[in-house]
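Asker: Can you keep this structure in mind? I'll have questions shortly.
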Amino acid sequence: MEAAAEPGNLAGVRHIILVLSGKGGVGKSTISTELALALRHAGKKVGILDVDLCGPSIPRMLGAQGRAVHQCDRGWAPVFLDREQSISLMSLGFLLEKPDEAVVWRGPKKNALIKQFVSDVAWGELDFLVVDTPPGTSDEHMATVEALRPYQPLGALVVTTPQAVSVGDVRRELTFCRKTGLRVMGVVENMSGFTCPHCAECTSVFSRGGGEELARLAGVPFLGSVPLDPALTRSLEEGHDFIQEFPGSPTFTALTSIAQKILDATPMCLP
Amino acid sequence: MEEVPHDCPGADSAQAGRGASCQGCPNQRLCASGAGATPDPAIEEIKEKMKTVKHKILVLSGKGGVGKSTFSAHLAHGLAEDENTQTALLDVDICGPSIPKIMGLEGEQYMEDNLGVMSVGFLLSSPDDAVIWRGPKKNGMIKQFLRDVDWGEVDYLIVDTPPGTSDEHLSVVQYLAAAHIDGAVIITTPQEVSLQDVRKEISFCRKVKLPIIGVVENMSGFLCPKCKKESQIFPPTTGGAELMCKDLEVPLLGRVPLDPLIGKNCDKGQSFLIDAPDSPATLAYRSIIQKIQEFCNLHQSEEENLISS
């Protein structure tokens with residue numbers, strides 16, 4: 001393969017951000033999607049790459065399940081989610097024939113697919129590519145980091161929930177980043193508190209303090225806390241237009257602030 | 001085995017090393033020699049080791065963060081409350097071993113009275129150590145846990161797994177193949193994003209012929225500590241676990257509501273069942289644990305009938 005001879009499909013992507021955790025179920029996919037939308041809201045052209053082979057959740061989140069993916073001469077054409085083509089998505093979810101069938105693959109086969117996935121999507125020109133990953137520090141993560149290394153990712157956003165059990169796993173993810181030379185842009189604490197819709201009392205359902213503690217331990221910026229918003233979860237679940245509903249959610253304010261911090265820390269090339 | 005061709009037939013298939021897609025693969029010679037075809041001797045060794053283990057239960061999900069480890073730990077606590085029941089908890093989440101923290105055993109001994117715990121977490125010298133292993137190495141660790149740990153006389157061995165349907169899950173099922181697993185308890189939360197993954201897990205269990213004891217719907221409703229009214233943090237917009245279980249014909253073992261004390265107890269490494277005995281969540285856990293015991297006992301007597309007939 002003469003990869004050096006012609007520019008790869010990622011050559012037109014200005015900045016790549018990986019969203020990692022270590023812990024499952026903290027909201028990596030939700031945060032990846034929300035971050036992509038917040039960056040788009042700030043006028044950027046954004047792509048989302050979902051490399052979770054066992055549990056690809058983003059197509060459903062954005063109402064794109066069942067969308068057909070096409071091959072063009074440069075590879076897979078990503079799915080555009082809006083008329084302006086300012087936000088696009090590629091996920092293994094699109095390639096599964098039967099969504100309820102489990103993808104039961106061992107490491108080597110996953111590695112082979114991820115390598116292909118990362119290099120074969122014809123993204124075109126993008127300001128940001130947000131890469132959502134599954135939980136852990138294993139085959140998928142190593143394969144993703146290796147495949148993206150030639151394109152010098154901006155760094156990783158690490159997501160945790162407030163409780164110590166989460167922090168315990170996410171600390172190990174931070175070590176993974178250090179060992180693989182991936183810069184940690186900061187920590188995001190998700191599911192930070194739930195406001196009772198009846199009496200407006202805010203309860204820390206998943207304990208508290210984890211995000212800031214993690215950032216302090218690792219010596220990286222704490223980018224912010226994102227609260228639980230069941231109204232947003234419900235609208236996601238019911239397949240409402242997440243892109244339309246998101247700006248009305250309290251999570252939007254949190255994500256806008258996080259996106260702004262990322263933009264402030266991103267070296268912008270002059271056109 | 002780092003690089004495999006796109007249509008790799010599998011190292012243990014009859015076509016290994018011989019198929020058209022094997023040309024050029026660095027492992028072609030190894031596969032063609034038949035090295036992958038012989039069954040792993042560890043499977044028999046594990047079968048022997050497991051003779052002293054009466055019941056083996058896998059706790060699975062597919063989806064991350066639904067409460068597998070929390071459930072596994074409390075299942076272990078609940079069973080071990082009876083001092084005559086020997087319980088063992090094995091954590092095969094190699095990358096994210098949460099069990100030591102949840103059981104309050106970080107940095108200390110891993111055996112206590114009638115409850116034994118094993119996890120890769122105990123083998124790591126620092127809480128920052130990352131286990132960045134590829135599949136084959138993780139499988140090796142799991143083999144060691146099952147074959148080399150002296151479990152002794154155990155009534156219940158609970159195996160907590162990571163999210164997904166990959167190496168760890170395949171390995172546990174393969175290595176325990178000859179030793180008979182009672183069944184799997186599958187954990188989900190009410191929303192579709194979880195159920196989507198859990199359906200895959202159920203399909204995985206059926207593919208590998210693993211009996212399903214039932215499904216537990218976790219984080220099912222939240223009782224506000226102030227106004228005591230219930231709300232849904234994770235709304236069951238597609239019918240929740242109840243409808244999924246009906247559709248897929250698997251038992252729903254119960255629903256556990258979200259009690260903020262659960263998270264706090266896990267952080268402290270304590271049993272929530274002891275700390276909050278009157279919580280609706282505790283009552284739900286106890287009912288589910290009882291159903292699991294009944295399932296195991298029923299199948300034990302079925303087996304004994306088969307042997308004696």
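Letters for chains follow the order of the structure tokens (A, B, ...), residue numbers begin at 1 for each chain, and ligand numbers begin at 1 in the order shown.
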Find the spatial neighbours of B:Asp129, counting only C-alpha atoms, within a cut-off of 9 Å - ignore same-chain residues fewer than 3 positions away - and output them as a PyMOL selection string.
Answerer: (chain A and resi 171-173+175-176) or (chain B and resi 124-126)
Asker: Taking only C-alpha atoms into account and nothing else, which residues of chain A lie no more than 7 Å away from chain B? Please answer as JSON, numbers by chain.
Answerer: {"A": [22, 23, 24, 25, 26, 54, 55, 57, 100, 101, 102, 103, 104, 105, 106, 107, 108, 109, 112, 136, 137, 138, 139, 163, 164, 165, 168, 169, 171, 172, 173, 175, 176, 196, 199, 201, 204, 205, 206, 207, 230, 233, 234, 237, 238]}
Asker: Which residue gives the smallest distance to A:Ala259 among A:Phe246, A:Trp123, A:Tyr151, A:Phe128, with only C-alpha atoms counted?
Answerer: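 When distances to A:Ala259 are compared using only C-alpha atoms, the smallest one comes from A:Phe128.
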Asker: Any chance you could list, as a VMD selection string, the residues in stretch 89-202 of chain A that come up helix (DSSP H, G or I) when DSSP is run on the backbone?
Answerer: chain A and resid 92 to 95 107 to 119 139 to 151 164 to 179
Asker: Can you pull out every residue within 9 Å of B:Phe71, counting only C-alpha atoms, but drop anything in the same chain fewer than 5 positions away, and send it as number ranges by chain?
Answerer: B: 59, 76, 160, 187, 218, 285
Asker: Residues of the last selection are to be written out with C-alpha atoms, as a PDB file, in the first residue's frame.
Answerer:
```pdb
ATOM      1  CA  VAL B  59     -22.832 -11.179  35.203  1.00  0.00           C
ATOM      2  CA  ALA B  76     -21.722 -11.658  46.536  1.00  0.00           C
ATOM      3  CA  ASP B 160     -18.067 -10.012  36.794  1.00  0.00           C
ATOM      4  CA  ILE B 187     -27.889  -6.118  33.618  1.00  0.00           C
ATOM      5  CA  ASN B 218     -31.012  -1.221  37.130  1.00  0.00           C
ATOM      6  CA  TYR B 285     -31.738  -6.777  45.333  1.00  0.00           C
TER       7      TYR B 285
END
```
Asker: Rounded to one decimal in Å, what is the spacing between atom CA of A:Asn9 and atom CA of A:Met61?
Answerer: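 That distance, rounded to one decimal, is 25.3 Å.
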Asker: As a PyMOL selection string, please: every residue in stretch 87-290 of chain B that a backbone DSSP assignment puts in strand (DSSP E).
Answerer: chain B and resi 87-91+111-112+115-119+154-160+183-188+212-217+222-223+230-231+252-255
Asker: Interatomic distance between atom CA of A:Met90 and atom CA of A:Met142?
Answerer: 19.4 Å
Asker: Do a neighbour search on A:Val226 at 8 Å with only C-alpha atoms, toss out local chain neighbours closer than 2 positions, and write the hits as a ChimeraX atom specification.
Answerer: /A:188-192,224,228,251,254-255
Asker: With N, CA and C atoms retained, could you export that selection as a PDB file, in the first residue's frame?
Answerer:
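Here's the written file again_5.pdb:
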```pdb
ATOM      1  N   VAL A 188     -13.748  15.900  31.671  1.00  0.00           N
ATOM      2  CA  VAL A 188     -15.138  16.348  31.716  1.00  0.00           C
ATOM      3  C   VAL A 188     -15.870  15.444  32.703  1.00  0.00           C
ATOM      4  N   GLU A 189     -16.587  16.023  33.630  1.00  0.00           N
ATOM      5  CA  GLU A 189     -17.369  15.225  34.573  1.00  0.00           C
ATOM      6  C   GLU A 189     -18.819  15.224  34.116  1.00  0.00           C
ATOM      7  N   ASN A 190     -19.314  14.037  33.775  1.00  0.00           N
ATOM      8  CA  ASN A 190     -20.678  13.905  33.280  1.00  0.00           C
ATOM      9  C   ASN A 190     -21.591  13.384  34.385  1.00  0.00           C
ATOM     10  N   MET A 191     -22.887  13.531  34.199  1.00  0.00           N
ATOM     11  CA  MET A 191     -23.901  13.037  35.155  1.00  0.00           C
ATOM     12  C   MET A 191     -23.689  13.673  36.527  1.00  0.00           C
ATOM     13  N   SER A 192     -23.337  14.950  36.493  1.00  0.00           N
ATOM     14  CA  SER A 192     -23.065  15.685  37.723  1.00  0.00           C
ATOM     15  C   SER A 192     -24.341  16.195  38.331  1.00  0.00           C
ATOM     16  N   GLY A 224     -15.044  20.973  32.913  1.00  0.00           N
ATOM     17  CA  GLY A 224     -16.396  21.323  33.340  1.00  0.00           C
ATOM     18  C   GLY A 224     -17.240  20.122  33.707  1.00  0.00           C
ATOM     19  N   LEU A 228     -27.161  15.793  34.610  1.00  0.00           N
ATOM     20  CA  LEU A 228     -28.092  14.830  34.013  1.00  0.00           C
ATOM     21  C   LEU A 228     -29.337  15.594  33.586  1.00  0.00           C
ATOM     22  N   THR A 251     -27.594  21.010  29.562  1.00  0.00           N
ATOM     23  CA  THR A 251     -26.305  20.430  29.191  1.00  0.00           C
ATOM     24  C   THR A 251     -25.640  21.261  28.095  1.00  0.00           C
ATOM     25  N   ALA A 254     -23.278  23.804  29.471  1.00  0.00           N
ATOM     26  CA  ALA A 254     -22.030  23.168  29.919  1.00  0.00           C
ATOM     27  C   ALA A 254     -21.144  22.815  28.734  1.00  0.00           C
ATOM     28  N   LEU A 255     -21.739  22.252  27.701  1.00  0.00           N
ATOM     29  CA  LEU A 255     -20.944  21.833  26.545  1.00  0.00           C
ATOM     30  C   LEU A 255     -20.405  23.017  25.755  1.00  0.00           C
TER      31      LEU A 255
END
```
Asker: I'd like the contact shell of A:Leu20 - 7 Å cut-off, only C-alpha atoms, skipping same-chain residues fewer than 2 positions apart - returned as number ranges by chain.
Answerer: A: 18, 22, 28, 133, 156-159
Asker: Within 10 Å of stretch 240-243 of chain A, counting only C-alpha atoms, which residues qualify if same-chain residues fewer than 3 places away don't, as a short mmCIF file (atom, residue, chain, number, x, y, z; two decimals) with C-alpha atoms, in the first residue's frame?
Answerer:
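Written file, part.cif:
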```cif
data_model
loop_
_atom_site.label_atom_id
_atom_site.label_comp_id
_atom_site.auth_asym_id
_atom_site.auth_seq_id
_atom_site.Cartn_x
_atom_site.Cartn_y
_atom_site.Cartn_z
CA THR A 33 -22.08 14.01 20.04
CA GLU A 34 -22.80 17.05 22.20
CA LEU A 37 -22.78 19.85 17.97
CA ALA A 38 -21.41 22.59 20.21
CA HIS A 41 -22.78 25.80 16.74
CA MET A 61 -28.68 9.20 18.98
CA LEU A 62 -28.73 11.33 15.87
CA GLY A 63 -31.68 9.59 14.23
CA LEU A 81 -26.77 14.95 9.28
CA ASP A 82 -27.82 18.37 8.06
CA LEU A 232 -32.73 15.46 26.80
CA THR A 233 -32.32 11.70 27.40
CA ARG A 234 -36.00 11.25 26.67
CA SER A 235 -35.86 13.25 23.48
CA LEU A 236 -32.76 11.30 22.39
CA GLU A 237 -34.54 8.07 23.13
CA PHE A 246 -30.00 20.21 22.38
CA PRO A 247 -29.72 24.04 22.55
#
```
Asker: Excluding B:Ile46 and residues on its chain fewer than 4 positions from it, collect all residues at most 9 Å away from it, counting only C-alpha atoms, and give them as a ChimeraX atom specification.
Answerer: /B:41-42,50-51,143,146-148,175-176,178-179
Asker: For the residues in that selection, give me all heavy atoms as an mmCIF file, in the first residue's frame.
Answerer:
```cif
data_model
loop_
_atom_site.group_PDB
_atom_site.id
_atom_site.type_symbol
_atom_site.label_atom_id
_atom_site.label_comp_id
_atom_site.auth_asym_id
_atom_site.auth_seq_id
_atom_site.Cartn_x
_atom_site.Cartn_y
_atom_site.Cartn_z
ATOM 1 N N PRO B 41 -5.408 -27.501 26.564
ATOM 2 C CA PRO B 41 -5.425 -28.412 27.724
ATOM 3 C C PRO B 41 -5.947 -27.739 28.987
ATOM 4 O O PRO B 41 -6.423 -28.412 29.900
ATOM 5 C CB PRO B 41 -3.953 -28.824 27.895
ATOM 6 C CG PRO B 41 -3.164 -27.877 27.087
ATOM 7 C CD PRO B 41 -4.044 -27.325 26.036
ATOM 8 N N ALA B 42 -5.887 -26.421 29.006
ATOM 9 C CA ALA B 42 -6.374 -25.703 30.192
ATOM 10 C C ALA B 42 -7.849 -25.961 30.441
ATOM 11 O O ALA B 42 -8.310 -25.918 31.584
ATOM 12 C CB ALA B 42 -6.121 -24.205 30.044
ATOM 13 N N MET B 50 -12.782 -26.707 38.870
ATOM 14 C CA MET B 50 -14.136 -26.223 39.123
ATOM 15 C C MET B 50 -15.026 -27.281 39.770
ATOM 16 O O MET B 50 -16.187 -27.014 40.067
ATOM 17 C CB MET B 50 -14.771 -25.740 37.807
ATOM 18 C CG MET B 50 -14.165 -24.438 37.311
ATOM 19 S SD MET B 50 -14.657 -23.032 38.335
ATOM 20 C CE MET B 50 -13.144 -22.101 38.362
ATOM 21 N N LYS B 51 -14.468 -28.479 39.995
ATOM 22 C CA LYS B 51 -15.291 -29.533 40.602
ATOM 23 C C LYS B 51 -15.719 -29.157 42.015
ATOM 24 O O LYS B 51 -16.753 -29.619 42.500
ATOM 25 C CB LYS B 51 -14.541 -30.865 40.617
ATOM 26 C CG LYS B 51 -14.568 -31.548 39.262
ATOM 27 C CD LYS B 51 -14.227 -33.019 39.322
ATOM 28 C CE LYS B 51 -14.604 -33.650 37.992
ATOM 29 N NZ LYS B 51 -13.601 -34.598 37.522
ATOM 30 N N LYS B 143 -7.366 -17.213 31.884
ATOM 31 C CA LYS B 143 -7.071 -18.650 32.010
ATOM 32 C C LYS B 143 -6.400 -18.908 33.350
ATOM 33 O O LYS B 143 -6.743 -19.834 34.082
ATOM 34 C CB LYS B 143 -6.118 -19.070 30.885
ATOM 35 C CG LYS B 143 -5.920 -20.572 30.788
ATOM 36 C CD LYS B 143 -4.720 -20.987 29.951
ATOM 37 C CE LYS B 143 -4.797 -20.592 28.516
ATOM 38 N NZ LYS B 143 -3.817 -21.333 27.681
ATOM 39 N N LEU B 146 -8.772 -18.733 36.301
ATOM 40 C CA LEU B 146 -9.662 -19.884 36.442
ATOM 41 C C LEU B 146 -8.900 -21.148 36.812
ATOM 42 O O LEU B 146 -9.391 -21.978 37.580
ATOM 43 C CB LEU B 146 -10.437 -20.106 35.133
ATOM 44 C CG LEU B 146 -11.470 -19.026 34.809
ATOM 45 C CD1 LEU B 146 -12.000 -19.184 33.400
ATOM 46 C CD2 LEU B 146 -12.617 -19.073 35.809
ATOM 47 N N ARG B 147 -7.686 -21.279 36.272
ATOM 48 C CA ARG B 147 -6.956 -22.533 36.463
ATOM 49 C C ARG B 147 -6.053 -22.519 37.686
ATOM 50 O O ARG B 147 -5.884 -23.533 38.358
ATOM 51 C CB ARG B 147 -6.124 -22.808 35.208
ATOM 52 C CG ARG B 147 -5.379 -24.131 35.212
ATOM 53 C CD ARG B 147 -4.386 -24.200 34.063
ATOM 54 N NE ARG B 147 -3.442 -23.106 34.143
ATOM 55 C CZ ARG B 147 -2.632 -22.724 33.157
ATOM 56 N NH1 ARG B 147 -2.658 -23.352 31.989
ATOM 57 N NH2 ARG B 147 -1.806 -21.710 33.296
ATOM 58 N N ASP B 148 -5.429 -21.392 37.963
ATOM 59 C CA ASP B 148 -4.380 -21.352 38.980
ATOM 60 C C ASP B 148 -4.794 -20.822 40.341
ATOM 61 O O ASP B 148 -4.053 -20.930 41.305
ATOM 62 C CB ASP B 148 -3.180 -20.539 38.462
ATOM 63 C CG ASP B 148 -2.584 -21.142 37.192
ATOM 64 O OD1 ASP B 148 -2.857 -22.346 36.920
ATOM 65 O OD2 ASP B 148 -1.884 -20.432 36.457
ATOM 66 N N TYR B 175 -13.286 -21.259 28.395
ATOM 67 C CA TYR B 175 -12.523 -21.957 29.433
ATOM 68 C C TYR B 175 -13.425 -22.684 30.420
ATOM 69 O O TYR B 175 -13.047 -23.681 31.004
ATOM 70 C CB TYR B 175 -11.598 -21.003 30.190
ATOM 71 C CG TYR B 175 -10.433 -20.516 29.364
ATOM 72 C CD1 TYR B 175 -10.095 -19.167 29.307
ATOM 73 C CD2 TYR B 175 -9.651 -21.406 28.625
ATOM 74 C CE1 TYR B 175 -9.030 -18.722 28.539
ATOM 75 C CE2 TYR B 175 -8.592 -20.964 27.853
ATOM 76 C CZ TYR B 175 -8.294 -19.620 27.810
ATOM 77 O OH TYR B 175 -7.240 -19.170 27.060
ATOM 78 N N LEU B 176 -14.637 -22.176 30.598
ATOM 79 C CA LEU B 176 -15.549 -22.843 31.538
ATOM 80 C C LEU B 176 -16.461 -23.831 30.825
ATOM 81 O O LEU B 176 -17.350 -24.402 31.441
ATOM 82 C CB LEU B 176 -16.388 -21.805 32.290
ATOM 83 C CG LEU B 176 -15.664 -21.025 33.383
ATOM 84 C CD1 LEU B 176 -16.567 -19.945 33.967
ATOM 85 C CD2 LEU B 176 -15.204 -21.952 34.511
ATOM 86 N N ALA B 178 -16.271 -26.859 29.750
ATOM 87 C CA ALA B 178 -16.405 -28.225 30.256
ATOM 88 C C ALA B 178 -16.893 -28.245 31.694
ATOM 89 O O ALA B 178 -17.280 -29.292 32.221
ATOM 90 C CB ALA B 178 -15.058 -28.933 30.150
ATOM 91 N N ALA B 179 -16.876 -27.079 32.352
ATOM 92 C CA ALA B 179 -17.179 -27.056 33.782
ATOM 93 C C ALA B 179 -18.622 -26.697 34.093
ATOM 94 O O ALA B 179 -19.004 -26.645 35.252
ATOM 95 C CB ALA B 179 -16.252 -26.062 34.472
#
```
Asker: If you measure from atom CA of B:Ile274 to atom CA of B:Gly104, what distance in Å do you get, rounded to one decimal?
Answerer: 14.0 Å
Asker: Identify which of the residues B:Gly183, B:Val215, B:Leu115, B:Glu48 lies closest to B:His74, counting only C-alpha atoms when measuring atom-to-atom distances.
Answerer: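 Distance minimum relative to B:His74 lands on B:Leu115.
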